[in-house]
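Shown here: model.tsv, TSV, C-alpha atoms.
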```
chain	number	residue	atom	x	y	z
E	175	MET	CA	21.46	16.95	32.82
E	176	PRO	CA	19.88	20.25	31.64
E	177	LEU	CA	21.44	22.23	28.82
E	178	PRO	CA	23.86	24.92	30.00
E	179	PRO	CA	22.43	28.45	29.68
E	180	GLU	CA	25.39	29.28	27.43
E	181	ILE	CA	24.01	26.90	24.81
E	182	ILE	CA	20.34	27.87	25.18
E	183	LEU	CA	20.97	31.61	25.09
E	184	HIS	CA	23.85	31.74	22.62
E	185	GLN	CA	23.00	32.03	18.95
E	186	PRO	CA	25.10	29.92	16.57
E	187	GLU	CA	27.47	32.41	14.97
E	188	TRP	CA	27.33	30.61	11.63
E	189	LEU	CA	23.63	31.47	11.29
E	190	GLU	CA	24.03	35.22	11.10
E	191	GLU	CA	27.45	35.83	9.62
E	192	ALA	CA	27.67	37.64	6.29
E	193	SER	CA	28.68	34.96	3.83
E	194	PRO	CA	29.20	34.16	0.14
E	195	CYS	CA	26.19	33.12	-1.94
E	196	ASN	CA	23.86	33.35	1.06
E	197	HIS	CA	20.95	34.16	-1.26
E	198	VAL	CA	20.94	30.47	-2.29
E	199	VAL	CA	23.25	28.60	0.13
E	200	VAL	CA	22.26	28.89	3.79
E	201	THR	CA	25.05	26.88	5.46
E	202	SER	CA	27.99	24.60	4.76
E	203	ARG	CA	28.96	21.62	6.90
E	204	ALA	CA	31.96	19.30	6.92
E	205	ARG	CA	31.91	16.02	8.86
E	206	PHE	CA	34.34	13.20	9.58
E	207	ALA	CA	33.32	9.67	10.60
E	208	ARG	CA	35.92	8.06	12.86
E	209	ASN	CA	36.21	4.92	15.00
E	210	LEU	CA	38.58	3.81	17.72
E	211	ASP	CA	41.14	1.18	16.83
E	212	ASN	CA	40.47	-2.38	18.04
E	213	HIS	CA	36.84	-1.77	19.02
E	214	PRO	CA	33.66	-3.06	17.31
E	215	PHE	CA	31.64	-0.43	15.47
E	216	SER	CA	28.76	1.10	17.45
E	217	PRO	CA	25.88	-0.75	15.69
E	218	HIS	CA	27.50	-4.13	16.48
E	219	ALA	CA	28.93	-3.38	19.91
E	220	PRO	CA	27.27	-4.66	23.12
E	221	SER	CA	26.54	-2.21	25.90
E	222	PRO	CA	29.79	-2.86	27.85
E	223	ILE	CA	31.87	-2.09	24.73
E	224	LEU	CA	29.93	1.10	24.03
E	225	ALA	CA	30.50	2.14	27.63
E	226	ARG	CA	34.23	1.41	27.26
E	227	VAL	CA	34.38	3.51	24.06
E	228	HIS	CA	32.49	6.31	25.76
E	229	GLY	CA	34.84	6.25	28.74
E	230	ALA	CA	37.98	6.10	26.61
E	231	ILE	CA	36.88	9.13	24.58
E	232	GLN	CA	35.91	11.09	27.68
E	233	GLU	CA	39.24	10.37	29.39
E	234	ALA	CA	41.28	11.15	26.27
E	235	LEU	CA	39.57	14.46	25.43
E	236	ALA	CA	39.87	15.57	29.06
E	237	ARG	CA	43.66	15.35	28.61
E	238	ASN	CA	43.68	17.74	25.66
E	239	PRO	CA	43.43	21.45	26.63
E	240	TYR	CA	41.84	22.15	23.23
E	241	PHE	CA	38.57	20.71	24.53
E	242	GLU	CA	38.41	22.92	27.61
E	243	ASP	CA	36.25	25.25	25.50
E	244	PHE	CA	33.71	22.47	24.82
E	245	PHE	CA	30.56	21.56	26.76
E	246	ARG	CA	30.04	17.82	27.30
E	247	LEU	CA	26.50	16.45	27.53
E	248	GLU	CA	25.46	12.90	28.34
E	249	LEU	CA	22.47	12.18	26.12
E	250	ALA	CA	21.09	9.46	28.40
E	251	THR	CA	20.50	12.09	31.08
E	252	THR	CA	19.51	14.90	28.70
E	253	SER	CA	15.77	15.41	28.31
E	254	GLY	CA	13.94	14.79	25.05
E	255	LEU	CA	13.19	18.51	24.85
E	256	ASP	CA	16.87	19.41	25.21
E	257	ARG	CA	17.84	16.84	22.60
E	258	ALA	CA	15.26	18.32	20.21
E	259	PHE	CA	16.81	21.75	20.80
E	260	LEU	CA	20.27	20.38	19.97
E	261	LYS	CA	18.97	18.75	16.79
E	262	GLU	CA	17.27	21.98	15.71
E	263	SER	CA	20.61	23.75	16.27
E	264	ARG	CA	22.34	21.10	14.07
E	265	LEU	CA	24.57	20.09	16.99
E	266	ILE	CA	23.36	16.48	17.01
E	267	SER	CA	21.77	14.26	14.36
E	268	LYS	CA	18.24	12.86	14.25
E	269	GLU	CA	19.74	9.52	15.28
E	270	MET	CA	21.39	11.05	18.35
E	271	GLU	CA	18.13	12.81	19.26
E	272	ARG	CA	16.85	9.39	20.32
E	273	GLY	CA	19.29	9.49	23.24
E	274	GLY	CA	20.61	6.24	24.67
E	275	GLU	CA	23.23	4.96	27.06
E	276	SER	CA	26.92	5.72	26.44
E	277	ARG	CA	26.11	8.50	24.00
E	278	ALA	CA	27.50	11.99	24.46
E	279	VAL	CA	28.12	15.18	22.54
E	280	TYR	CA	30.90	17.75	22.89
E	281	ILE	CA	29.89	21.24	21.76
E	282	ARG	CA	32.29	24.10	21.23
E	283	ALA	CA	31.34	27.36	22.93
E	284	ASP	CA	30.77	29.21	19.63
E	285	LEU	CA	28.48	26.34	18.48
E	286	LYS	CA	30.45	25.96	15.24
E	287	CYS	CA	31.70	22.46	16.00
E	288	SER	CA	30.43	19.37	17.77
E	289	VAL	CA	31.64	15.83	18.40
E	290	MET	CA	29.04	13.06	18.68
E	291	VAL	CA	30.06	9.93	20.58
E	292	ASN	CA	28.59	6.50	19.70
E	293	GLU	CA	26.34	7.52	16.85
E	294	GLU	CA	26.67	5.19	13.83
E	295	ASP	CA	30.42	5.53	14.37
E	296	HIS	CA	32.31	6.00	17.61
E	297	LEU	CA	32.98	9.60	16.64
E	298	ARG	CA	31.20	12.00	14.31
E	299	LEU	CA	33.05	15.31	14.10
E	300	GLN	CA	31.31	18.22	12.38
E	301	CYS	CA	31.86	21.92	11.76
E	302	PHE	CA	29.63	24.60	10.26
E	303	GLU	CA	30.02	27.84	8.35
E	304	ALA	CA	27.50	30.30	6.96
E	305	GLY	CA	26.77	30.35	3.24
E	306	LEU	CA	28.96	28.62	0.68
E	307	GLN	CA	32.18	28.13	2.67
E	308	THR	CA	32.91	24.43	2.45
E	309	ASN	CA	36.68	25.03	2.41
E	310	LYS	CA	36.53	27.02	5.63
E	311	ALA	CA	34.35	24.37	7.27
E	312	GLN	CA	36.88	21.72	6.24
E	313	GLU	CA	39.80	23.71	7.63
E	314	ARG	CA	38.06	23.97	10.98
E	315	LEU	CA	37.19	20.26	10.85
E	316	ARG	CA	40.76	19.21	10.07
E	317	GLN	CA	41.96	21.10	13.13
E	318	LEU	CA	39.32	19.42	15.28
E	319	ASP	CA	40.23	16.02	13.86
E	320	ALA	CA	43.93	16.57	14.51
E	321	GLU	CA	43.23	17.46	18.13
E	322	VAL	CA	41.19	14.28	18.64
E	323	ALA	CA	43.87	12.20	16.90
E	324	ARG	CA	46.46	13.55	19.35
E	325	VAL	CA	44.87	11.56	22.16
E	326	LEU	CA	43.01	8.71	20.43
E	327	ALA	CA	44.09	6.05	17.92
E	328	TYR	CA	41.73	5.74	14.95
E	329	ALA	CA	40.79	2.52	13.17
E	330	ARG	CA	42.56	2.74	9.83
E	331	SER	CA	43.66	0.51	6.97
E	332	ASP	CA	46.52	1.18	4.55
E	333	ARG	CA	44.29	-0.11	1.78
E	334	PHE	CA	40.88	1.36	2.67
E	335	GLY	CA	41.72	4.42	4.74
E	336	TYR	CA	39.60	5.21	7.81
E	337	LEU	CA	37.32	2.31	8.72
E	338	THR	CA	33.66	3.11	9.35
E	339	ALA	CA	30.43	1.30	10.22
E	340	CYS	CA	28.96	2.07	6.79
E	341	PRO	CA	31.24	1.12	3.85
E	342	SER	CA	30.24	4.25	1.93
E	343	ASN	CA	31.97	6.37	4.59
E	344	MET	CA	35.31	4.54	4.44
E	345	GLY	CA	38.38	6.21	3.00
E	346	THR	CA	38.54	9.83	4.07
E	347	GLY	CA	35.34	9.53	6.11
E	348	LEU	CA	34.49	13.01	4.84
E	349	ARG	CA	30.95	14.18	4.21
E	350	ILE	CA	30.52	17.72	2.89
E	351	SER	CA	27.04	19.19	2.66
E	352	VAL	CA	25.41	22.49	1.84
E	353	MET	CA	21.89	23.63	2.74
E	354	MET	CA	20.35	25.26	-0.33
E	355	HIS	CA	17.21	27.36	-0.60
E	356	LEU	CA	15.56	26.55	-3.93
E	357	PRO	CA	12.16	28.28	-4.16
E	358	GLY	CA	12.60	29.20	-7.83
E	359	LEU	CA	13.07	25.62	-8.99
E	360	THR	CA	10.28	24.47	-6.68
E	361	LEU	CA	7.73	27.01	-7.85
E	362	ARG	CA	8.54	26.35	-11.52
E	363	ARG	CA	8.37	22.60	-10.90
E	364	GLU	CA	11.87	22.15	-12.25
E	365	LEU	CA	13.47	20.82	-9.08
E	366	GLU	CA	13.37	17.14	-9.98
E	367	GLU	CA	14.99	17.82	-13.34
E	368	ALA	CA	17.67	20.02	-11.75
E	369	LEU	CA	18.60	17.37	-9.17
E	370	LYS	CA	18.19	14.15	-11.16
E	371	GLY	CA	21.87	13.92	-12.19
E	372	LEU	CA	23.23	14.04	-8.63
E	373	PRO	CA	23.19	10.27	-7.86
E	374	SER	CA	25.31	9.50	-10.92
E	375	ARG	CA	27.91	11.93	-9.54
E	376	GLY	CA	27.97	10.24	-6.13
E	377	LEU	CA	25.87	12.99	-4.54
E	378	THR	CA	22.58	12.83	-2.67
E	379	VAL	CA	19.75	15.12	-1.60
E	380	ARG	CA	18.47	15.10	1.98
E	381	GLY	CA	15.87	17.00	3.97
E	382	PHE	CA	16.03	19.90	6.39
E	383	TYR	CA	17.60	17.85	9.20
E	384	GLY	CA	19.76	15.68	6.94
E	385	GLU	CA	19.45	11.92	6.62
E	386	ASN	CA	15.94	10.46	7.05
E	387	SER	CA	14.30	13.88	7.26
E	388	GLU	CA	11.78	15.60	5.01
E	389	ASN	CA	12.15	18.63	2.79
E	390	ILE	CA	10.38	21.67	4.22
E	391	GLY	CA	10.33	25.31	3.19
E	392	ASP	CA	12.18	24.65	-0.10
E	393	PHE	CA	15.38	23.83	1.83
E	394	PHE	CA	17.49	20.91	0.62
E	395	GLN	CA	20.83	19.44	1.72
E	396	ILE	CA	23.21	18.41	-1.05
E	397	SER	CA	26.13	16.19	-0.01
E	398	ASN	CA	28.55	13.55	-1.22
E	399	GLU	CA	27.37	10.00	-0.61
E	400	VAL	CA	30.59	8.00	-1.01
E	401	THR	CA	34.08	8.65	0.32
E	402	LEU	CA	35.86	5.35	-0.42
E	403	GLY	CA	38.46	5.74	-3.13
E	404	LYS	CA	37.88	9.48	-3.46
E	405	PRO	CA	40.48	12.02	-2.30
E	406	VAL	CA	39.32	15.07	-0.40
E	407	ASP	CA	40.04	17.44	-3.30
E	408	ALA	CA	37.94	15.34	-5.67
E	409	ILE	CA	35.01	15.26	-3.22
E	410	GLU	CA	35.20	19.02	-2.78
E	411	GLU	CA	35.49	19.77	-6.50
E	412	ASN	CA	32.64	17.44	-7.41
E	413	LEU	CA	30.29	18.97	-4.84
E	414	ALA	CA	31.31	22.54	-5.71
E	415	SER	CA	30.65	21.90	-9.39
E	416	ALA	CA	27.21	20.42	-8.72
E	417	VAL	CA	26.25	23.18	-6.30
E	418	GLY	CA	27.39	25.81	-8.80
E	419	THR	CA	25.22	24.27	-11.52
E	420	ILE	CA	22.17	24.05	-9.23
E	421	MET	CA	22.73	27.64	-8.14
E	422	GLU	CA	22.78	28.83	-11.76
E	423	LYS	CA	19.55	26.97	-12.47
E	424	GLU	CA	17.92	28.37	-9.33
E	425	LEU	CA	18.83	31.95	-10.20
E	426	GLU	CA	17.61	31.46	-13.76
E	427	ALA	CA	14.34	30.04	-12.41
E	428	ARG	CA	13.90	33.05	-10.12
E	429	SER	CA	14.54	35.40	-13.02
E	430	LEU	CA	11.93	33.63	-15.14
E	431	LEU	CA	9.46	33.66	-12.26
E	432	HIS	CA	9.67	37.42	-11.94
E	433	ARG	CA	9.72	38.02	-15.69
E	434	GLU	CA	6.88	35.70	-16.66
E	435	GLY	CA	4.69	35.82	-13.57
E	436	GLY	CA	5.90	38.95	-11.83
E	437	LEU	CA	2.63	40.12	-10.29
E	438	ALA	CA	1.68	36.63	-9.13
E	439	VAL	CA	5.09	36.13	-7.53
E	440	LEU	CA	4.96	39.53	-5.84
E	441	ASP	CA	1.47	38.74	-4.61
E	442	SER	CA	2.68	35.44	-3.13
E	443	ILE	CA	5.59	37.15	-1.38
E	444	TRP	CA	3.49	39.98	0.05
E	445	ARG	CA	0.67	37.63	1.05
E	446	SER	CA	3.24	35.58	2.94
E	447	TYR	CA	4.50	38.73	4.64
E	448	GLY	CA	0.94	39.74	5.51
E	449	ILE	CA	0.13	36.39	7.11
E	450	LEU	CA	3.43	36.31	8.99
E	451	THR	CA	2.84	39.79	10.41
E	452	SER	CA	-0.79	39.26	11.41
E	453	ALA	CA	-1.50	35.58	12.16
E	454	ARG	CA	-2.19	34.63	15.77
E	455	ARG	CA	-1.55	30.92	15.38
E	456	MET	CA	0.82	29.08	13.04
E	457	ASP	CA	2.28	25.60	12.87
E	458	SER	CA	5.90	25.02	11.90
E	459	MET	CA	5.21	23.68	8.40
E	460	GLU	CA	3.15	26.72	7.41
E	461	ALA	CA	5.72	29.06	8.96
E	462	MET	CA	8.57	27.46	7.00
E	463	LYS	CA	6.63	27.73	3.74
E	464	LEU	CA	5.81	31.40	4.33
E	465	LEU	CA	9.36	32.22	5.44
E	466	SER	CA	10.64	30.59	2.27
E	467	ARG	CA	8.56	33.04	0.23
E	468	LEU	CA	9.69	35.90	2.44
E	469	ARG	CA	13.32	34.88	1.87
E	470	LEU	CA	12.65	35.04	-1.86
E	471	GLY	CA	11.47	38.61	-1.33
E	472	VAL	CA	14.58	39.43	0.69
E	473	ASP	CA	16.66	38.16	-2.23
E	474	GLU	CA	14.82	40.63	-4.48
E	475	GLY	CA	15.49	43.54	-2.11
E	476	LEU	CA	11.85	43.95	-1.07
E	477	PHE	CA	12.57	43.95	2.66
E	478	PRO	CA	15.75	45.97	3.34
E	479	GLY	CA	15.29	45.64	7.10
E	480	ILE	CA	15.58	41.85	6.98
E	481	SER	CA	18.98	40.22	6.42
E	482	HIS	CA	19.60	36.66	5.30
E	483	GLY	CA	21.39	35.96	8.57
E	484	ARG	CA	18.54	37.21	10.73
E	485	LEU	CA	16.07	35.21	8.66
E	486	ASN	CA	18.23	32.08	9.07
E	487	ARG	CA	18.11	32.65	12.81
E	488	LEU	CA	14.34	33.01	12.74
E	489	ILE	CA	13.95	29.72	10.87
E	490	VAL	CA	15.69	28.00	13.78
E	491	GLU	CA	13.91	30.03	16.48
E	492	ILE	CA	10.45	28.90	15.36
E	493	GLN	CA	11.24	25.20	15.87
E	494	PRO	CA	9.44	23.53	18.82
E	495	GLY	CA	12.42	23.02	21.12
E	496	HIS	CA	13.56	26.60	20.72
E	497	LEU	CA	10.06	27.98	21.35
E	498	ILE	CA	9.80	26.05	24.60
E	499	LEU	CA	13.29	26.71	25.95
E	500	ARG	CA	13.73	30.30	24.75
E	501	ARG	CA	10.16	31.61	24.66
E	502	GLY	CA	8.69	29.71	27.57
E	503	ALA	CA	6.05	27.98	25.45
E	504	THR	CA	4.46	24.85	26.82
E	505	ASP	CA	4.73	21.46	25.19
E	506	GLU	CA	1.15	21.70	23.96
E	507	THR	CA	1.01	22.02	20.17
E	508	GLU	CA	-1.64	24.76	20.12
E	509	GLN	CA	0.21	26.90	22.66
E	510	ARG	CA	3.43	26.54	20.67
E	511	ASP	CA	1.57	27.65	17.54
E	512	PHE	CA	0.42	30.82	19.33
E	513	SER	CA	3.95	31.45	20.61
E	514	ARG	CA	5.41	30.90	17.13
E	515	ALA	CA	3.03	33.41	15.58
E	516	ALA	CA	3.83	35.97	18.28
E	517	LEU	CA	7.57	35.55	17.68
E	518	LEU	CA	7.13	36.07	13.94
E	519	ARG	CA	5.04	39.20	14.46
E	520	GLU	CA	7.52	40.67	16.93
E	521	TYR	CA	10.54	39.99	14.74
E	522	LEU	CA	9.02	41.35	11.54
E	523	ALA	CA	7.71	44.44	13.34
E	524	GLU	CA	11.24	45.18	14.56
E	525	ALA	CA	12.71	44.54	11.09
E	526	ALA	CA	10.25	46.96	9.49
E	527	GLN	CA	11.40	49.87	11.69
```

Represent the structure contained in this file as structure tokens.
Amino acid sequence: MPLPPEIILHQPEWLEEASPCNHVVVTSRARFARNLDNHPFSPHAPSPILARVHGAIQEALARNPYFEDFFRLELATTSGLDRAFLKESRLISKEMERGGESRAVYIRADLKCSVMVNEEDHLRLQCFEAGLQTNKAQERLRQLDAEVARVLAYARSDRFGYLTACPSNMGTGLRISVMMHLPGLTLRRELEEALKGLPSRGLTVRGFYGENSENIGDFFQISNEVTLGKPVDAIEENLASAVGTIMEKELEARSLLHREGGLAVLDSIWRSYGILTSARRMDSMEAMKLLSRLRLGVDEGLFPGISHGRLNRLIVEIQPGHLILRRGATDETEQRDFSRAALLREYLAEAAQ
């Protein structure tokens, strides 16, 4: 089952929208973990049960007109390349990228929401917004959750709240996360100190693609780790407070960078720009590092033709799945590296005009 052209060609709106605090916070995401009543959780369910869950969800959502605006993809018949594209677009998780029988994803046409079927839980509902807009992401998520609940009965306990495969997700089942760009703290080697208090507050730091992924390009996901016994307002307030503190430290670090090592920082930014605008071959790790420095320059007003939103889009466009499906690159690493460099040169040439 190939990806619909509407998904391949359409840019996620949340990447480019003008948004609050987008100089430090790239995106906000809100996610609910949900399971069907009277069914074993996905990790402990045999194949016939997973198939029954899959069928029940498909039949139920088909009855709700709200989901007419969603694309449904069966991951077992979706190619590895297409799954990589969906992961790069944040529409599925690294776990769902593996594919598998009785797994599906529902994707809203504007690419701001998706519903994963038979991941760790029967249902993972998620919504995105640009910048620091966790409240708006939650509002959208609550609407999505209500529409699913209209046609499906969730597993729930009066004592524990929503029941989930992992005990840390029980209760509200809510996970809020923000993607932060922290080059100042990274360059000043203050990142570990700035983040060390998060675990004691029930928060965690993850990589570019979330759980079980690495940190690249100075991008880090900050999210709550536990939902059991914590009301939604408390989760939101705790995360907002921590993100606010990290943001203050990041901006202070950037200020010190420019004040104490101004010429060296400017040299690093302009060298990055020079390589990005002239290189003929570039792997994704190098590109992310250089774009991180370029983003720091955008924050300082050095490149008025480049917006945060357009740069966010470029960070997604240079990923392997996007290069192959949108740029016609082959699956060979070297050819992708040439295609990536060409895309960067073209984009930055247009932005400089």

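Relative to CA of Asp511 in chain E, CA of Ala258 in chain E is found at 16.8 Å.
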
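The shortest atom-to-atom distance to Phe512 in chain E, with only C-alpha atoms taken into account, belongs to E:Met456 out of E:Met456, E:Leu497, E:Ala323, E:Leu356.
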
Legend entry - Between CA of Gly305 in chain E and CA of Leu464 in chain E, distance in Å (one decimal): 21.0 Å

Distance query Ala523 in chain E at most 12 Å, all atoms listed in the file, self and fewer than 6 positions along chain excluded, as a short mmCIF file (atom, residue, chain, number, x, y, z; two decimals) with C-alpha atoms, in the coordinates of the input:
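Below is the file selection25.cif, written as the result:
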```
data_model
loop_
_atom_site.label_atom_id
_atom_site.label_comp_id
_atom_site.auth_asym_id
_atom_site.auth_seq_id
_atom_site.Cartn_x
_atom_site.Cartn_y
_atom_site.Cartn_z
CA TYR E 447 4.50 38.73 4.64
CA GLY E 448 0.94 39.74 5.51
CA LEU E 450 3.43 36.31 8.99
CA THR E 451 2.84 39.79 10.41
CA SER E 452 -0.79 39.26 11.41
CA PHE E 477 12.57 43.95 2.66
CA GLY E 479 15.29 45.64 7.10
CA ILE E 480 15.58 41.85 6.98
CA ALA E 516 3.83 35.97 18.28
CA LEU E 517 7.57 35.55 17.68
#
```

Please report as a tab-separated table every residue of range 316-360 of chain E lying within 8 Å of range 184-203 of chain E, along with the nearest atom pair and their distance in Å (one decimal), using all atoms listed in the file.
```
residue	atom	partner	partner_atom	distance
E:Ile350	CA	E:Arg203	CA	5.8
E:Ser351	CA	E:Arg203	CA	5.3
E:Val352	CA	E:Ser202	CA	4.4
E:Met353	CA	E:Thr201	CA	5.3
E:Met354	CA	E:Val199	CA	4.4
E:His355	CA	E:Val198	CA	5.1
E:Leu356	CA	E:Val198	CA	6.9
```

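Take the candidates E:Leu372, E:Leu210, E:Leu348, E:Val289 and check each one against Gly403 in chain E using only C-alpha atoms; the shortest distance goes to E:Leu348.
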
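One distance worth recording is that between CA of Ser415 in chain E and CA of Val439 in chain E, which is 29.3 Å.
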
Legend entry - Counting only C-alpha atoms, the residue of E:Thr360, E:Thr252, E:Asn209, E:Thr507 that sits nearest Ala327 in chain E: E:Asn209
